[in-house]
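Step one of this worksheet: look at the structure below.
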Amino acid sequence: MDSIIRFENVSKSFGTNNDVHALNNVNLDIERGSIFGIIGMSGAGKSTLIRTLNFLERPSSGTVFIDGDDLSKLSREGLRKKRQEIAMIFQQFNLLMQKNVIQNICLPMLAYKTQRAEALKKALEMLEVVGLSDKKDAYPSELSGGQRQRVAIARAIAYRPKILLCDEATSALDPSTTETILDTLKEINVKYGITIVLITHSMSVVERICDKVAILDKGRIAESGNVKEIFENPKSVEGKRLILNGVNIIPIMDTPNCVRITFTETSSFEPVIANMALTYRTPVNILYANTATIGKISYGEMILQLPLDNGVSDQMIQYLRSRGHNVDRINIREALGNA
């Protein structure tokens with residue numbers, strides 16, 4: 001595996017007595033050219049993790065490697081140069097309101113001593129990439145939230161970084177605009193090979209564009225791996241909670257014998273739930289159903305309440321698995337944090 005980013009036993013503590021543990025022994029590899037999601041609820045340590053990646057926060061212990069370089073061993077000048085390879089976009093865009101779009105994009109390039117003519121050329125090219133060539137003379141106050149974020153993306157990638165960090169970059173946007181921004185990030189990843197690290201609390205964002213994901217819980221990696229594998233079969237309590245996040249009909253239901261089923265387009269043609277109910281002459285209760293697209297493949301998920309008879313429910317689970325479906329028993333209250 002060609003890792004561009006590696007965390008080895010990284011911990012970070014805050015407070016006068018270092019008694020607030022934001023990160024705890026994090027080990028993580030991020031492949032070059034990938035889109036890697038880091039997901040967790042508020043307070044999980046996501047923003048601290050991304051800030052250690054460019055040493056805006058120095059770890060209390062452990063090592064962060066970028067392209068094989070141990071950041072803690074770089075000189076001040078060496079760290080400054082390494083940071084030029086790492087760009088960042090934020091939830092609040094951080095554009096200068098008194099400067100127009102083209103000036104905002106040119107600003108960091110001029111700070112790195114790029115010739116003005118070259119900076120202007122690159123800025124215009126990036127505006128074309130993000131679809132805002134006609135807004136080059138506009139000011140941020142004249143743009144929508146999605147347009148401001150696309151300007152921030154153009155500014156971040158104008159000097160061709162190797163890594164783009166996105167800290168909740170779509171949290172302030174509506175769903176339609178979020179999809180547009182995510183499509184733009186995917187296009188940039190494919191066109192320029194920039195490694196993207198995306199911090200979010202939304203599993204739907206991860207499912208849309210990420211190759212791999214790490215789930216953070218109280219500063220620890222709860223689990224990590226391919227998005228498809230974790231979506232189909234989350235192993236940690238936090239993973240199950242994040243995948244079920246937003247399921248509003250379930251918290252009021254204290255229901256035993258619940259299972260979560262996932263299936264792909266290739267395994268969704270049979271009316272499997274109806275056939276199962278007919279086979280065992282027992283009804284089941286569909287509590288929730290949804291679809292997601294991961295890597296251009298559509299996946300479905302359902303949460304069922306099976307019969308209270310454990311013998312019958314076990315047979316039903318085997319029936320579903322025999323037809324190629326992933327089935328996992330879940331404790332709804334635990335998965336939703338209501339245990």
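So you can find residues: chains in the structure tokens are A, B, ... in the order shown, residues in each start at 1, and ligands are numbered from 1 in order.
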
query = Skipping near chain neighbours, those fewer than 4 positions away, what residues fall within 12 Å of Leu165 in chain A using only C-alpha atoms, listed as a PyMOL selection string?
reply = chain A and resi 5+35-38+46-47+49-54+83+85-91+152-153+156-157+161+169+185+194-200

message = Report as a ChimeraX atom specification all protein, DNA and RNA residues lying within 6 Å of range 321-327 of chain A, evaluated on only C-alpha atoms, omitting residues in the same chain fewer than 3 positions from it.
response = /A:260-263,318

Atoms kept (C-alpha atoms) for selection, written as a CSV table (one decimal), in the first residue's frame:
```
chain,number,residue,atom,x,y,z
A,260,ARG,CA,-30.6,-5.0,9.7
A,261,ILE,CA,-30.4,-6.3,6.1
A,262,THR,CA,-28.3,-4.9,3.3
A,263,PHE,CA,-28.6,-5.9,-0.3
A,318,GLN,CA,-30.6,-18.2,7.8
```

request  = Could you tell me, as a ChimeraX atom specification, which residues of range 31-216 of chain A DSSP assigns to strand (DSSP E) when given the backbone?
outcome  = /A:31,35-39,61-66,69-70,86-90,163-167,195-200,212-216

Who sits within 10 Å of range 6-10 of chain A, only C-alpha atoms, same chain under 6 positions skipped, as JSON, numbers by chain = {"A": [23, 24, 25, 26, 27, 28, 29, 30, 31, 49, 52, 53, 58, 59, 60, 61, 62, 63, 64, 65, 66, 67, 68, 69, 70, 219, 220]}

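Closest approach to Val312 in chain A from the set A:Thr282, A:Lys186, A:Val259, A:Gly295 is made by A:Thr282, with distances taken over only C-alpha atoms.
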
inquiry  = I'd like the neighbourhood of range 130-147 of chain A as a PyMOL selection string, where a residue qualifies if any of its atoms comes within 12 Å (using only C-alpha atoms), though same-chain residues fewer than 2 positions away should be ignored.
reply    = chain A and resi 91-106+120+123-128+149-158+169-188

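Look at Ile294 in chain A: the protein and nucleic acid residues within 12 Å of it, using only C-alpha atoms and passing over chain neighbours fewer than 3 places away, are Met203, Ser204, Val205, Val206, Glu207, Arg208, Ile209, Cys210, Asp211, Lys212, Asn226, Val227, Lys228, Glu229, Ile230, Phe231, Glu232, Thr264, Glu265, Thr291, Ile297, Ser298, Tyr299 and Gly300 of chain A.
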
message = Run DSSP on the backbone and tell me which residues of range 24-185 of chain A come out as alpha helix (DSSP H); list them as a PyMOL selection string.
response = chain A and resi 46-53+76-83+101-111+116-129+145-157+175-185

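For the atom pair formed by CA of Met316 in chain A and CA of Met276 in chain A, the distance is 6.9 Å, given to one decimal.
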
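For Lys235 in chain A, the non-local neighbours within 10 Å, defined as residues at least 6 positions apart in the same chain or in other chains and counting only C-alpha atoms, are A:Ala222, A:Glu223, A:Ser224, A:Glu229, A:Asp328.
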
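As for CA of Glu77 in chain A and CA of Asp2 in chain A, they are spaced 25.9 Å apart.
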
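Counting from CA of Pro234 in chain A, the distance to CA of Leu306 in chain A is 20.1 Å.
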
request  = Tell me which of A:Arg281, A:Gly45, A:Gly33, A:Tyr159 sits closest to Lys191 in chain A, counting only C-alpha atoms.
outcome  = A:Gly33

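Ranking A:Val129, A:Ala274, A:Leu56, A:Leu304 by their shortest atom-to-atom distance to Leu79 in chain A, with only C-alpha atoms included, puts A:Leu56 first.
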
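Distance check against Lys218 in chain A using only C-alpha atoms: of A:Asn17, A:Ser42, A:Ser72, A:Asn233, the minimum falls on A:Ser42.
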